[in-house]
>>> print(open('work14.txt').read())   # compact mmCIF, C-alpha atoms (C1' of nucleotides)
# COMPACT_ATOMS: atom_id res chain seq x y z
CA MET T 25 11.44 33.00 -21.38
CA GLY T 26 14.14 35.68 -21.65
CA HIS T 27 13.71 38.60 -23.94
CA PHE T 28 17.13 39.03 -25.41
CA THR T 29 19.08 36.05 -26.59
CA ASP T 30 21.81 36.65 -29.16
CA PRO T 31 21.39 40.12 -30.66
CA THR T 32 23.55 39.26 -33.65
CA ARG T 33 20.99 36.82 -34.99
CA GLN T 34 18.86 38.41 -37.65
CA ASN T 35 15.83 36.19 -37.48
CA VAL T 36 12.76 37.26 -35.59
CA ASN T 37 10.25 35.27 -33.62
CA MET T 38 7.82 32.76 -35.02
CA ARG T 39 4.93 35.19 -34.97
CA THR T 40 6.71 37.42 -37.43
CA GLU T 41 8.40 34.70 -39.45
CA SER T 42 5.20 33.18 -40.75
CA VAL T 43 3.79 36.38 -42.16
CA ARG T 44 2.95 36.12 -45.83
CA ALA T 45 1.16 37.82 -48.66
CA PHE T 46 1.23 41.32 -47.21
CA GLU T 47 0.73 44.25 -49.50
CA ARG T 48 3.80 46.40 -49.83
CA HIS T 49 3.72 49.64 -47.91
CA ALA T 50 3.99 53.01 -49.57
CA TRP T 51 6.83 54.41 -47.45
CA SER T 52 10.42 54.92 -48.50
CA ALA T 53 13.22 55.77 -46.10
CA ASP T 54 13.49 59.25 -47.60
CA GLN T 55 9.78 59.98 -47.36
CA ALA T 56 9.78 58.88 -43.74
CA ALA T 57 12.79 61.09 -42.98
CA GLU T 58 11.03 64.02 -44.62
CA ALA T 59 7.91 63.38 -42.56
CA LEU T 60 10.03 63.35 -39.40
CA LYS T 61 11.69 66.66 -40.29
CA ALA T 62 8.34 68.18 -41.18
CA HIS T 63 7.27 67.49 -37.60
CA GLY T 64 10.40 69.09 -36.17
CA CYS T 65 12.00 65.76 -35.27
CA ARG T 66 15.65 64.99 -35.88
CA VAL T 67 16.72 62.20 -38.19
CA THR T 68 19.12 60.29 -35.97
CA ARG T 69 21.04 57.09 -36.53
CA PRO T 70 18.86 55.03 -34.16
CA ARG T 71 15.69 56.31 -35.81
CA THR T 72 17.05 55.55 -39.25
CA ALA T 73 17.97 52.06 -38.12
CA VAL T 74 14.46 51.39 -36.81
CA LEU T 75 12.97 52.79 -39.99
CA ARG T 76 15.19 50.63 -42.19
CA ALA T 77 14.31 47.56 -40.13
CA LEU T 78 10.62 48.31 -40.52
CA LEU T 79 10.97 48.81 -44.26
CA GLU T 80 12.89 45.55 -44.62
CA HIS T 81 10.39 43.60 -42.57
CA ASP T 82 7.15 42.40 -44.10
CA GLY T 83 4.18 42.73 -41.79
CA PRO T 84 3.65 43.52 -38.10
CA ILE T 85 6.54 42.96 -35.69
CA ASP T 86 6.97 43.36 -31.94
CA VAL T 87 9.50 45.73 -30.39
CA PRO T 88 12.03 43.16 -29.11
CA ALA T 89 12.24 41.61 -32.58
CA LEU T 90 12.36 45.03 -34.21
CA THR T 91 15.19 45.98 -31.88
CA ARG T 92 17.18 42.91 -32.94
CA MET T 93 16.69 43.87 -36.59
CA ALA T 94 17.60 47.51 -35.96
CA GLU T 95 20.69 46.37 -34.06
CA PHE T 96 22.00 45.05 -37.35
CA HIS T 97 22.14 48.63 -38.64
CA GLU T 98 22.89 50.34 -35.33
CA PRO T 99 24.70 48.02 -32.90
CA GLY T 100 23.94 48.76 -29.25
CA ILE T 101 20.60 50.43 -29.92
CA HIS T 102 18.52 50.20 -26.76
CA GLU T 103 15.06 48.67 -26.58
CA ALA T 104 13.75 51.73 -24.73
CA THR T 105 14.93 53.83 -27.66
CA VAL T 106 13.00 51.63 -30.06
CA TYR T 107 9.87 52.04 -27.93
CA ARG T 108 10.34 55.81 -28.01
CA THR T 109 11.11 55.81 -31.72
CA VAL T 110 7.98 53.81 -32.44
CA ALA T 111 5.95 56.31 -30.39
CA THR T 112 7.50 59.18 -32.36
CA LEU T 113 6.87 57.49 -35.69
CA ALA T 114 3.28 56.89 -34.60
CA GLU T 115 2.80 60.60 -33.84
CA VAL T 116 4.19 61.48 -37.23
CA GLY T 117 1.85 58.98 -38.82
CA ILE T 118 4.48 56.61 -40.20
CA VAL T 119 3.54 53.60 -38.07
CA THR T 120 0.65 52.27 -36.02
CA HIS T 121 0.56 49.49 -33.47
CA VAL T 122 -1.93 46.73 -32.93
CA HIS T 123 -2.60 44.55 -29.88
CA ALA T 124 -2.89 40.87 -30.76
CA GLY T 125 -4.10 38.90 -27.76
CA HIS T 126 -1.78 38.19 -24.85
CA GLY T 127 1.65 39.01 -26.25
CA PRO T 128 3.35 42.32 -26.88
CA ALA T 129 1.91 44.90 -29.25
CA LEU T 130 2.86 44.67 -32.92
CA VAL T 131 4.25 47.62 -34.86
CA ARG T 132 3.65 48.14 -38.56
CA LEU T 133 3.96 50.81 -41.18
CA HIS T 134 0.89 52.94 -41.63
CA GLY T 135 -0.44 52.09 -45.06
CA ASP T 136 0.17 48.39 -44.69
CA VAL T 137 -2.95 46.30 -44.91
CA ALA T 138 -5.33 47.45 -42.18
CA LEU T 139 -6.82 44.42 -40.48
CA VAL T 140 -4.90 41.27 -39.57
CA ALA T 141 -5.86 37.92 -38.06
CA VAL T 142 -3.56 36.13 -35.60
CA CYS T 143 -3.58 32.33 -35.31
CA GLN T 144 -3.92 31.19 -31.70
CA ASP T 145 -2.14 27.94 -32.50
CA CYS T 146 0.93 28.91 -34.50
CA GLY T 147 1.02 32.71 -34.07
CA SER T 148 1.02 33.39 -37.79
CA ILE T 149 -0.44 36.68 -38.96
CA GLU T 150 -2.61 36.99 -42.04
CA PRO T 151 -4.24 40.00 -43.64
CA VAL T 152 -8.02 40.08 -43.88
CA PRO T 153 -9.34 40.97 -47.37
CA ALA T 154 -10.47 44.55 -47.81
CA SER T 155 -13.94 43.48 -48.95
CA VAL T 156 -14.56 41.64 -45.68
CA VAL T 157 -13.21 44.55 -43.66
CA ASP T 158 -15.44 47.00 -45.52
CA ALA T 159 -18.49 44.85 -44.85
CA LEU T 160 -17.62 44.75 -41.15
CA VAL T 161 -17.03 48.48 -40.83
CA THR T 162 -20.08 49.62 -42.78
CA GLY T 163 -22.29 46.92 -41.29
CA THR T 164 -21.37 47.99 -37.76
CA GLN T 165 -21.78 51.66 -38.55
CA VAL T 166 -25.19 51.21 -40.15
CA THR T 167 -26.63 49.02 -37.38
CA THR T 168 -25.07 50.64 -34.29
CA GLY T 169 -23.50 53.95 -35.32
CA PHE T 170 -20.17 52.70 -34.00
CA VAL T 171 -17.28 53.70 -36.31
CA LEU T 172 -14.65 50.94 -36.20
CA GLU T 173 -10.96 51.68 -36.75
CA PRO T 174 -9.65 48.40 -38.13
CA GLY T 175 -6.02 49.44 -37.82
CA HIS T 176 -6.15 49.39 -34.02
CA PHE T 177 -6.99 45.81 -33.25
CA ALA T 178 -6.37 42.30 -34.51
CA LEU T 179 -8.72 39.39 -34.99
CA GLU T 180 -7.97 35.98 -33.54
CA GLY T 181 -8.76 32.46 -34.54
CA ILE T 182 -7.26 29.38 -36.18
CA CYS T 183 -5.46 29.68 -39.51
CA ALA T 184 -6.25 27.39 -42.42
CA ALA T 185 -3.09 25.33 -41.91
CA CYS T 186 -3.71 24.72 -38.19
CA ALA T 187 -7.40 24.02 -38.74
CA ALA T 188 -6.48 21.07 -40.99
CA MET C 9 -4.05 56.50 -11.19
CA GLY C 10 -4.25 54.06 -8.28
CA HIS C 11 -6.05 50.81 -8.62
CA PHE C 12 -7.81 50.39 -5.31
CA THR C 13 -9.63 53.32 -3.82
CA ASP C 14 -12.43 52.57 -1.38
CA PRO C 15 -13.36 48.89 -1.64
CA THR C 16 -16.76 49.46 -0.01
CA ARG C 17 -17.96 51.47 -2.99
CA GLN C 18 -19.95 49.37 -5.38
CA ASN C 19 -19.45 51.33 -8.54
CA VAL C 20 -17.05 50.13 -11.19
CA ASN C 21 -14.90 52.06 -13.61
CA MET C 22 -16.17 54.09 -16.53
CA ARG C 23 -15.44 51.38 -19.03
CA THR C 24 -17.86 49.02 -17.35
CA GLU C 25 -20.41 51.60 -16.25
CA SER C 26 -21.38 52.61 -19.75
CA VAL C 27 -22.20 49.11 -20.92
CA ARG C 28 -25.71 48.82 -22.26
CA ALA C 29 -28.09 46.63 -24.16
CA PHE C 30 -26.32 43.34 -23.50
CA GLU C 31 -28.22 40.10 -23.93
CA ARG C 32 -28.76 38.28 -20.68
CA HIS C 33 -26.49 35.30 -20.08
CA ALA C 34 -27.80 31.81 -19.55
CA TRP C 35 -25.97 31.03 -16.29
CA SER C 36 -27.46 30.79 -12.81
CA ALA C 37 -25.39 30.59 -9.64
CA ASP C 38 -26.50 27.00 -9.09
CA GLN C 39 -25.64 25.89 -12.60
CA ALA C 40 -22.21 27.44 -12.28
CA ALA C 41 -21.65 25.74 -8.91
CA GLU C 42 -22.67 22.41 -10.45
CA ALA C 43 -20.27 22.94 -13.35
CA LEU C 44 -17.47 23.63 -10.86
CA LYS C 45 -18.23 20.46 -8.88
CA ALA C 46 -18.44 18.45 -12.08
CA HIS C 47 -14.84 19.46 -12.76
CA GLY C 48 -13.69 18.44 -9.28
CA CYS C 49 -13.42 22.02 -8.04
CA ARG C 50 -14.62 23.15 -4.65
CA VAL C 51 -17.37 25.70 -4.27
CA THR C 52 -15.78 28.16 -1.87
CA ARG C 53 -16.98 31.48 -0.48
CA PRO C 54 -14.55 33.56 -2.62
CA ARG C 55 -15.55 31.71 -5.77
CA THR C 56 -19.22 32.14 -4.99
CA ALA C 57 -18.65 35.85 -4.42
CA VAL C 58 -16.93 36.26 -7.80
CA LEU C 59 -19.68 34.28 -9.49
CA ARG C 60 -22.41 36.38 -7.88
CA ALA C 61 -20.61 39.56 -8.87
CA LEU C 62 -20.36 38.36 -12.47
CA LEU C 63 -24.03 37.40 -12.55
CA GLU C 64 -25.03 40.78 -11.14
CA HIS C 65 -22.88 42.69 -13.58
CA ASP C 66 -24.06 43.32 -17.10
CA GLY C 67 -21.31 42.94 -19.70
CA PRO C 68 -17.52 42.56 -19.64
CA ILE C 69 -15.64 43.76 -16.55
CA ASP C 70 -11.98 43.90 -15.58
CA VAL C 71 -10.54 42.08 -12.58
CA PRO C 72 -9.96 45.08 -10.28
CA ALA C 73 -13.58 46.17 -10.72
CA LEU C 74 -14.80 42.59 -10.37
CA THR C 75 -12.81 42.31 -7.14
CA ARG C 76 -14.51 45.41 -5.75
CA MET C 77 -17.91 43.94 -6.58
CA ALA C 78 -17.00 40.54 -5.12
CA GLU C 79 -15.73 42.27 -1.98
CA PHE C 80 -19.31 43.29 -1.31
CA HIS C 81 -20.18 39.61 -0.86
CA GLU C 82 -16.85 38.47 0.56
CA PRO C 83 -15.00 41.28 2.34
CA GLY C 84 -11.22 40.95 2.19
CA ILE C 85 -11.18 38.82 -0.96
CA HIS C 86 -7.79 39.22 -2.60
CA GLU C 87 -7.29 40.34 -6.20
CA ALA C 88 -4.92 37.43 -6.83
CA THR C 89 -7.73 35.11 -5.78
CA VAL C 90 -10.06 36.73 -8.30
CA TYR C 91 -7.45 36.24 -11.04
CA ARG C 92 -7.16 32.57 -10.10
CA THR C 93 -10.92 32.18 -9.81
CA VAL C 94 -11.40 33.69 -13.25
CA ALA C 95 -8.82 31.26 -14.65
CA THR C 96 -10.65 28.36 -13.00
CA LEU C 97 -14.03 29.52 -14.27
CA ALA C 98 -12.52 29.81 -17.74
CA GLU C 99 -11.27 26.22 -17.62
CA VAL C 100 -14.70 25.06 -16.57
CA GLY C 101 -16.22 27.06 -19.42
CA ILE C 102 -18.21 29.51 -17.33
CA VAL C 103 -16.33 32.63 -18.39
CA THR C 104 -14.05 33.87 -21.14
CA HIS C 105 -11.85 36.94 -21.26
CA VAL C 106 -11.26 39.45 -24.01
CA HIS C 107 -8.43 41.90 -24.57
CA ALA C 108 -9.64 45.38 -25.42
CA GLY C 109 -6.73 47.53 -26.51
CA HIS C 110 -4.28 48.90 -23.96
CA GLY C 111 -6.06 48.32 -20.67
CA PRO C 112 -6.59 45.19 -18.62
CA ALA C 113 -8.41 42.16 -20.01
CA LEU C 114 -12.19 42.02 -19.57
CA VAL C 115 -13.96 39.02 -18.06
CA ARG C 116 -17.45 37.96 -19.06
CA LEU C 117 -19.78 35.03 -18.76
CA HIS C 118 -19.53 32.51 -21.54
CA GLY C 119 -22.77 32.78 -23.47
CA ASP C 120 -22.92 36.55 -23.29
CA VAL C 121 -22.89 38.29 -26.64
CA ALA C 122 -19.73 37.24 -28.47
CA LEU C 123 -18.18 40.28 -30.11
CA VAL C 124 -17.90 43.72 -28.50
CA ALA C 125 -16.63 47.09 -29.67
CA VAL C 126 -14.74 49.42 -27.31
CA CYS C 127 -14.84 53.18 -27.76
CA GLN C 128 -11.37 54.71 -27.77
CA ASP C 129 -12.75 58.01 -26.54
CA CYS C 130 -15.03 57.15 -23.65
CA GLY C 131 -14.25 53.47 -23.02
CA SER C 132 -17.84 52.35 -23.44
CA ILE C 133 -18.44 48.80 -24.62
CA GLU C 134 -21.13 47.88 -27.12
CA PRO C 135 -22.15 44.52 -28.55
CA VAL C 136 -21.81 44.02 -32.30
CA PRO C 137 -24.94 42.57 -33.95
CA ALA C 138 -24.84 38.87 -34.68
CA SER C 139 -25.56 39.41 -38.38
CA VAL C 140 -22.47 41.56 -38.80
CA VAL C 141 -20.34 39.08 -36.83
CA ASP C 142 -21.60 36.19 -38.97
CA ALA C 143 -20.74 38.06 -42.16
CA LEU C 144 -17.23 38.72 -40.84
CA VAL C 145 -16.60 35.14 -39.74
CA THR C 146 -17.95 33.46 -42.86
CA GLY C 147 -16.46 36.06 -45.18
CA THR C 148 -13.01 35.56 -43.69
CA GLN C 149 -13.32 31.78 -43.74
CA VAL C 150 -14.46 31.67 -47.37
CA THR C 151 -11.77 34.00 -48.68
CA THR C 152 -8.78 32.96 -46.56
CA GLY C 153 -9.65 29.73 -44.75
CA PHE C 154 -8.99 31.48 -41.44
CA VAL C 155 -11.56 30.50 -38.77
CA LEU C 156 -12.13 33.50 -36.51
CA GLU C 157 -13.11 33.12 -32.86
CA PRO C 158 -15.00 36.34 -32.13
CA GLY C 159 -15.13 35.75 -28.38
CA HIS C 160 -11.38 36.24 -28.00
CA PHE C 161 -10.89 39.80 -29.16
CA ALA C 162 -12.62 43.14 -29.14
CA LEU C 163 -13.04 45.70 -31.89
CA GLU C 164 -12.08 49.34 -31.41
CA GLY C 165 -13.33 52.60 -32.77
CA ILE C 166 -15.47 55.59 -31.88
CA CYS C 167 -18.96 55.10 -30.51
CA ALA C 168 -21.95 56.93 -31.96
CA ALA C 169 -22.13 59.36 -29.04
CA CYS C 170 -18.44 60.36 -29.23
CA ALA C 171 -18.52 60.59 -33.03
CA ALA C 172 -21.16 63.29 -32.79
C1' DG W 14 -16.37 14.79 13.52
C1' DT W 15 -11.92 14.06 11.14
C1' DG W 16 -8.45 13.88 7.47
C1' DT W 17 -6.69 15.59 3.49
C1' DA W 18 -6.49 17.64 -0.89
C1' DT W 19 -7.78 21.96 -2.51
C1' DC W 20 -7.97 26.80 -1.97
C1' DT W 21 -6.83 31.55 -0.12
C1' DG W 22 -4.12 35.51 1.41
C1' DC W 23 0.05 37.34 1.04
C1' DA W 24 4.18 38.95 -0.79
C1' DA W 25 7.53 38.33 -4.09
C1' DC W 26 8.09 37.96 -8.75
C1' DC W 27 7.74 38.53 -14.05
C1' DA W 28 6.73 40.70 -18.65
C1' DG W 29 5.78 44.63 -21.19
C1' DC W 30 6.30 49.20 -21.21
C1' DT W 31 7.52 54.13 -19.49
C1' DC W 32 10.34 57.71 -17.36
C1' DG W 33 14.15 60.68 -15.21
C1' DC W 34 18.54 61.95 -15.91
C1' DA W 35 23.13 62.76 -17.56
C1' DA W 36 25.89 62.22 -21.65
C1' DG W 37 25.72 62.48 -26.66
C1' DT W 38 24.45 64.42 -31.11
C1' DA W 39 21.76 66.66 -35.13
C1' DC W 40 21.49 70.73 -37.25
C1' DG W 41 20.46 75.97 -37.62
C1' DG W 42 23.20 79.82 -37.31
C1' DT W 43 27.49 81.96 -38.23
C1' DA Z 5 33.97 74.43 -40.82
C1' DC Z 6 32.72 75.26 -36.27
C1' DC Z 7 29.45 76.37 -32.14
C1' DG Z 8 25.63 76.31 -29.24
C1' DT Z 9 21.69 74.39 -27.89
C1' DA Z 10 17.69 71.82 -27.94
C1' DC Z 11 16.48 67.30 -29.01
C1' DT Z 12 17.82 62.26 -28.38
C1' DT Z 13 19.90 58.31 -26.48
C1' DG Z 14 21.52 54.78 -23.17
C1' DC Z 15 20.80 53.33 -18.87
C1' DG Z 16 18.59 51.98 -14.85
C1' DA Z 17 14.70 52.56 -11.93
C1' DG Z 18 9.82 52.37 -11.81
C1' DC Z 19 5.01 51.30 -13.06
C1' DT Z 20 0.96 48.28 -14.34
C1' DG Z 21 -1.23 44.04 -15.30
C1' DG Z 22 -0.82 39.53 -14.17
C1' DT Z 23 1.38 35.03 -12.03
C1' DT Z 24 3.43 32.08 -8.47
C1' DG Z 25 5.42 29.76 -4.14
C1' DC Z 26 4.20 28.95 0.28
C1' DA Z 27 2.02 28.50 4.87
C1' DG Z 28 -2.33 28.61 6.96
C1' DA Z 29 -7.38 27.95 6.19
C1' DT Z 30 -11.33 25.30 4.54
C1' DA Z 31 -14.60 22.37 1.65
C1' DC Z 32 -16.16 18.04 1.57
C1' DA Z 33 -15.73 12.72 1.30
C1' DC Z 34 -15.84 9.49 4.66
>>> encode(input="work14.txt", output="structure tokens")
Amino acid sequence: MGHFTDPTRQNVNMRTESVRAFERHAWSADQAAEALKAHGCRVTRPRTAVLRALLEHDGPIDVPALTRMAEFHEPGIHEATVYRTVATLAEVGIVTHVHAGHGPALVRLHGDVALVAVCQDCGSIEPVPASVVDALVTGTQVTTGFVLEPGHFALEGICAACAA
Amino acid sequence: MGHFTDPTRQNVNMRTESVRAFERHAWSADQAAEALKAHGCRVTRPRTAVLRALLEHDGPIDVPALTRMAEFHEPGIHEATVYRTVATLAEVGIVTHVHAGHGPALVRLHGDVALVAVCQDCGSIEPVPASVVDALVTGTQVTTGFVLEPGHFALEGICAACAA
DNA sequence: GTGTATCTGCAACCAGCTCGCAAGTACGGT
DNA sequence: ACCGTACTTGCGAGCTGGTTGCAGATACAC
């Protein structure tokens, strides 16, 4: 199960292909660049490439796949650079990452839908409706005092298609 | 941040020390041994040691800590053996494991409280009330068709103590 | 007891991720 | 437009959590 196959291919892995119905994020490339500068970070070609890849992509994506997408804009960009860029963007508040079960962490733009569910069968990722998330967060807080941060984890289960 | 310090010490890491208020599981050592035999598995000293450690411990625990506890019953037990034992016990249905954010996976007896929340500040683990879990599962299923399996993931946030 | 299929300890390995370092580059100052 | 320098990048080595191949040990059916 190698990590890098043909970097010229644009498509990403199954987990990210089957994403659907995500709300659009509020970030533009310019806004993100401004946010970077405001934190004293430089707006470099690799960072711009990662940012563009994130803006093009709909929904959470893992770093190897993100690297392949960024490579389309910035050939030769290194995976370690993408990891560091993602960390920088997270500090600035542009992205967050979420751990979904066994695989690698998934990166997404901050402001995208908060809570996602990952199908254990097909790997598809679906957003969880805000009303359900609110009920979970407030219910937990009222009964236990625990303040959940729904952006930091993913739910797991079987999607409607696989359940049928 | 080494993994193994003094194996003769019984205490486990912070994450597992601060567990509290967990429902008691339904397994006894004999029942678990029977379940193993029923699946054609042998009841060996290392497996018994891991099982006893799990029964003694209250709440989810990671494999290094579980190994240290099992070592009390079976000195010299190897961590790789504990990983394999946990996998075997999972096949038999005695345990499940849950991924809680960045750190190692946590093992727990099947039948223990299903959904837990991990504090990002102090690492403490708290059970989420069944009523809240039910609302989440049914709410998600009704609105999206997605069938969540709450035993397979953990929630994250800030516990009541750290929030204060 | 004895035989054998399963299991364990060990060490090597793998995936995901991080880090140290030298070369490269954004960008404020001029 | 050019310089200087501090920040970034590519690269490879390294780290952590977890898995695996193998030879010796052992549970357990007979």
>>> calpha_fit_and_write(input="work14.txt", fixed="chain T", moving="chain C", output="short mmCIF file (atom, residue, chain, number, x, y, z; two decimals) with C-alpha atoms, in the coordinates of the input")
data_model
loop_
_atom_site.label_atom_id
_atom_site.label_comp_id
_atom_site.auth_asym_id
_atom_site.auth_seq_id
_atom_site.Cartn_x
_atom_site.Cartn_y
_atom_site.Cartn_z
CA MET C 9 11.49 32.47 -21.96
CA GLY C 10 14.10 35.22 -22.08
CA HIS C 11 13.67 38.18 -24.32
CA PHE C 12 17.14 38.82 -25.66
CA THR C 13 19.20 35.92 -26.87
CA ASP C 14 21.93 36.66 -29.39
CA PRO C 15 21.40 40.15 -30.82
CA THR C 16 23.57 39.42 -33.87
CA ARG C 17 21.04 36.92 -35.18
CA GLN C 18 18.76 38.45 -37.73
CA ASN C 19 15.80 36.17 -37.41
CA VAL C 20 12.70 37.28 -35.56
CA ASN C 21 10.22 35.31 -33.52
CA MET C 22 7.77 32.79 -34.89
CA ARG C 23 4.90 35.21 -34.86
CA THR C 24 6.65 37.48 -37.32
CA GLU C 25 8.39 34.80 -39.35
CA SER C 26 5.21 33.24 -40.64
CA VAL C 27 3.79 36.44 -42.05
CA ARG C 28 2.96 36.16 -45.72
CA ALA C 29 1.20 37.81 -48.59
CA PHE C 30 1.22 41.33 -47.19
CA GLU C 31 0.72 44.25 -49.54
CA ARG C 32 3.79 46.41 -49.87
CA HIS C 33 3.70 49.68 -47.95
CA ALA C 34 4.03 53.04 -49.62
CA TRP C 35 6.87 54.43 -47.48
CA SER C 36 10.49 54.95 -48.51
CA ALA C 37 13.27 55.79 -46.08
CA ASP C 38 13.57 59.27 -47.56
CA GLN C 39 9.87 60.01 -47.33
CA ALA C 40 9.85 58.91 -43.72
CA ALA C 41 12.89 61.09 -42.94
CA GLU C 42 11.15 64.05 -44.58
CA ALA C 43 8.01 63.42 -42.54
CA LEU C 44 10.12 63.38 -39.37
CA LYS C 45 11.82 66.68 -40.26
CA ALA C 46 8.48 68.22 -41.15
CA HIS C 47 7.39 67.54 -37.58
CA GLY C 48 10.53 69.12 -36.11
CA CYS C 49 12.11 65.79 -35.22
CA ARG C 50 15.74 64.98 -35.80
CA VAL C 51 16.81 62.21 -38.12
CA THR C 52 19.21 60.27 -35.92
CA ARG C 53 21.12 57.05 -36.48
CA PRO C 54 18.89 54.99 -34.11
CA ARG C 55 15.74 56.30 -35.75
CA THR C 56 17.10 55.56 -39.20
CA ALA C 57 17.99 52.04 -38.08
CA VAL C 58 14.46 51.40 -36.79
CA LEU C 59 12.98 52.82 -39.97
CA ARG C 60 15.21 50.65 -42.17
CA ALA C 61 14.32 47.59 -40.12
CA LEU C 62 10.62 48.34 -40.51
CA LEU C 63 10.97 48.86 -44.25
CA GLU C 64 12.89 45.60 -44.61
CA HIS C 65 10.38 43.64 -42.57
CA ASP C 66 7.17 42.43 -44.12
CA GLY C 67 4.17 42.78 -41.81
CA PRO C 68 3.62 43.59 -38.13
CA ILE C 69 6.51 43.02 -35.72
CA ASP C 70 6.94 43.42 -31.97
CA VAL C 71 9.47 45.76 -30.39
CA PRO C 72 11.98 43.17 -29.13
CA ALA C 73 12.20 41.63 -32.60
CA LEU C 74 12.33 45.07 -34.22
CA THR C 75 15.17 45.98 -31.87
CA ARG C 76 17.14 42.92 -32.95
CA MET C 77 16.66 43.88 -36.59
CA ALA C 78 17.58 47.52 -35.94
CA GLU C 79 20.67 46.36 -34.05
CA PHE C 80 21.98 45.04 -37.35
CA HIS C 81 22.14 48.63 -38.62
CA GLU C 82 22.91 50.31 -35.31
CA PRO C 83 24.70 47.98 -32.89
CA GLY C 84 23.95 48.71 -29.23
CA ILE C 85 20.61 50.41 -29.89
CA HIS C 86 18.54 50.18 -26.73
CA GLU C 87 15.06 48.67 -26.57
CA ALA C 88 13.76 51.72 -24.71
CA THR C 89 14.95 53.83 -27.63
CA VAL C 90 13.00 51.64 -30.04
CA TYR C 91 9.87 52.06 -27.91
CA ARG C 92 10.34 55.83 -27.98
CA THR C 93 11.13 55.83 -31.68
CA VAL C 94 8.00 53.84 -32.42
CA ALA C 95 5.96 56.35 -30.38
CA THR C 96 7.53 59.21 -32.34
CA LEU C 97 6.92 57.52 -35.68
CA ALA C 98 3.31 56.96 -34.62
CA GLU C 99 2.84 60.65 -33.84
CA VAL C 100 4.26 61.55 -37.22
CA GLY C 101 1.90 59.03 -38.84
CA ILE C 102 4.53 56.67 -40.19
CA VAL C 103 3.56 53.67 -38.08
CA THR C 104 0.66 52.35 -36.05
CA HIS C 105 0.56 49.55 -33.51
CA VAL C 106 -1.95 46.79 -32.97
CA HIS C 107 -2.65 44.62 -29.95
CA ALA C 108 -2.91 40.95 -30.80
CA GLY C 109 -4.17 39.02 -27.80
CA HIS C 110 -1.88 38.27 -24.88
CA GLY C 111 1.55 39.07 -26.26
CA PRO C 112 3.30 42.36 -26.92
CA ALA C 113 1.86 44.96 -29.28
CA LEU C 114 2.84 44.73 -32.96
CA VAL C 115 4.25 47.68 -34.88
CA ARG C 116 3.66 48.20 -38.58
CA LEU C 117 3.98 50.87 -41.21
CA HIS C 118 0.92 53.02 -41.66
CA GLY C 119 -0.46 52.14 -45.07
CA ASP C 120 0.16 48.43 -44.71
CA VAL C 121 -2.94 46.29 -44.90
CA ALA C 122 -5.32 47.44 -42.17
CA LEU C 123 -6.82 44.41 -40.48
CA VAL C 124 -4.90 41.26 -39.54
CA ALA C 125 -5.86 37.93 -38.01
CA VAL C 126 -3.56 36.15 -35.54
CA CYS C 127 -3.56 32.38 -35.21
CA GLN C 128 -3.92 31.26 -31.60
CA ASP C 129 -2.13 28.01 -32.36
CA CYS C 130 0.95 28.98 -34.33
CA GLY C 131 1.04 32.77 -33.96
CA SER C 132 1.03 33.42 -37.68
CA ILE C 133 -0.44 36.69 -38.89
CA GLU C 134 -2.60 36.97 -41.99
CA PRO C 135 -4.23 39.98 -43.62
CA VAL C 136 -8.02 40.03 -43.85
CA PRO C 137 -9.34 40.89 -47.33
CA ALA C 138 -10.48 44.45 -47.81
CA SER C 139 -13.95 43.36 -48.94
CA VAL C 140 -14.58 41.54 -45.69
CA VAL C 141 -13.24 44.48 -43.65
CA ASP C 142 -15.48 46.90 -45.55
CA ALA C 143 -18.53 44.75 -44.89
CA LEU C 144 -17.68 44.66 -41.18
CA VAL C 145 -17.10 48.40 -40.88
CA THR C 146 -20.15 49.50 -42.84
CA GLY C 147 -22.36 46.81 -41.35
CA THR C 148 -21.46 47.88 -37.82
CA GLN C 149 -21.89 51.56 -38.62
CA VAL C 150 -25.30 51.07 -40.24
CA THR C 151 -26.73 48.91 -37.47
CA THR C 152 -25.20 50.55 -34.39
CA GLY C 153 -23.66 53.86 -35.42
CA PHE C 154 -20.31 52.64 -34.10
CA VAL C 155 -17.41 53.66 -36.40
CA LEU C 156 -14.77 50.94 -36.27
CA GLU C 157 -11.08 51.67 -36.79
CA PRO C 158 -9.72 48.38 -38.13
CA GLY C 159 -6.09 49.44 -37.84
CA HIS C 160 -6.21 49.42 -34.04
CA PHE C 161 -7.03 45.82 -33.25
CA ALA C 162 -6.38 42.34 -34.51
CA LEU C 163 -8.73 39.41 -34.96
CA GLU C 164 -7.99 36.00 -33.48
CA GLY C 165 -8.78 32.47 -34.47
CA ILE C 166 -7.25 29.40 -36.06
CA CYS C 167 -5.44 29.67 -39.37
CA ALA C 168 -6.22 27.34 -42.27
CA ALA C 169 -3.05 25.30 -41.74
CA CYS C 170 -3.67 24.71 -38.01
CA ALA C 171 -7.37 23.98 -38.56
CA ALA C 172 -6.43 21.05 -40.78
#
>>> interface_residues(input="work14.txt", of="chain W", to="chain T", cutoff="10 Å", atoms="only C-alpha atoms (C1' of nucleotides)", output="PyMOL selection string")
chain W and resi 27-31+38-40
>>> write_last_selection(input="work14.txt", atoms="C-alpha atoms (C1' of nucleotides)", output="compact mmCIF listing (two decimals), keeping the file's coordinate frame")
# COMPACT_ATOMS: atom_id res chain seq x y z
C1' DC W 27 7.74 38.53 -14.05
C1' DA W 28 6.73 40.70 -18.65
C1' DG W 29 5.78 44.63 -21.19
C1' DC W 30 6.30 49.20 -21.21
C1' DT W 31 7.52 54.13 -19.49
C1' DT W 38 24.45 64.42 -31.11
C1' DA W 39 21.76 66.66 -35.13
C1' DC W 40 21.49 70.73 -37.25
>>> axis_aligned_box(input="work14.txt", around="region 17-30 of chain W", padding_each_side="4 Å", output="JSON")
{"center_x": 0.1, "center_y": 32.4, "center_z": -8.9, "size_x": 24.1, "size_y": 41.6, "size_z": 32.7}
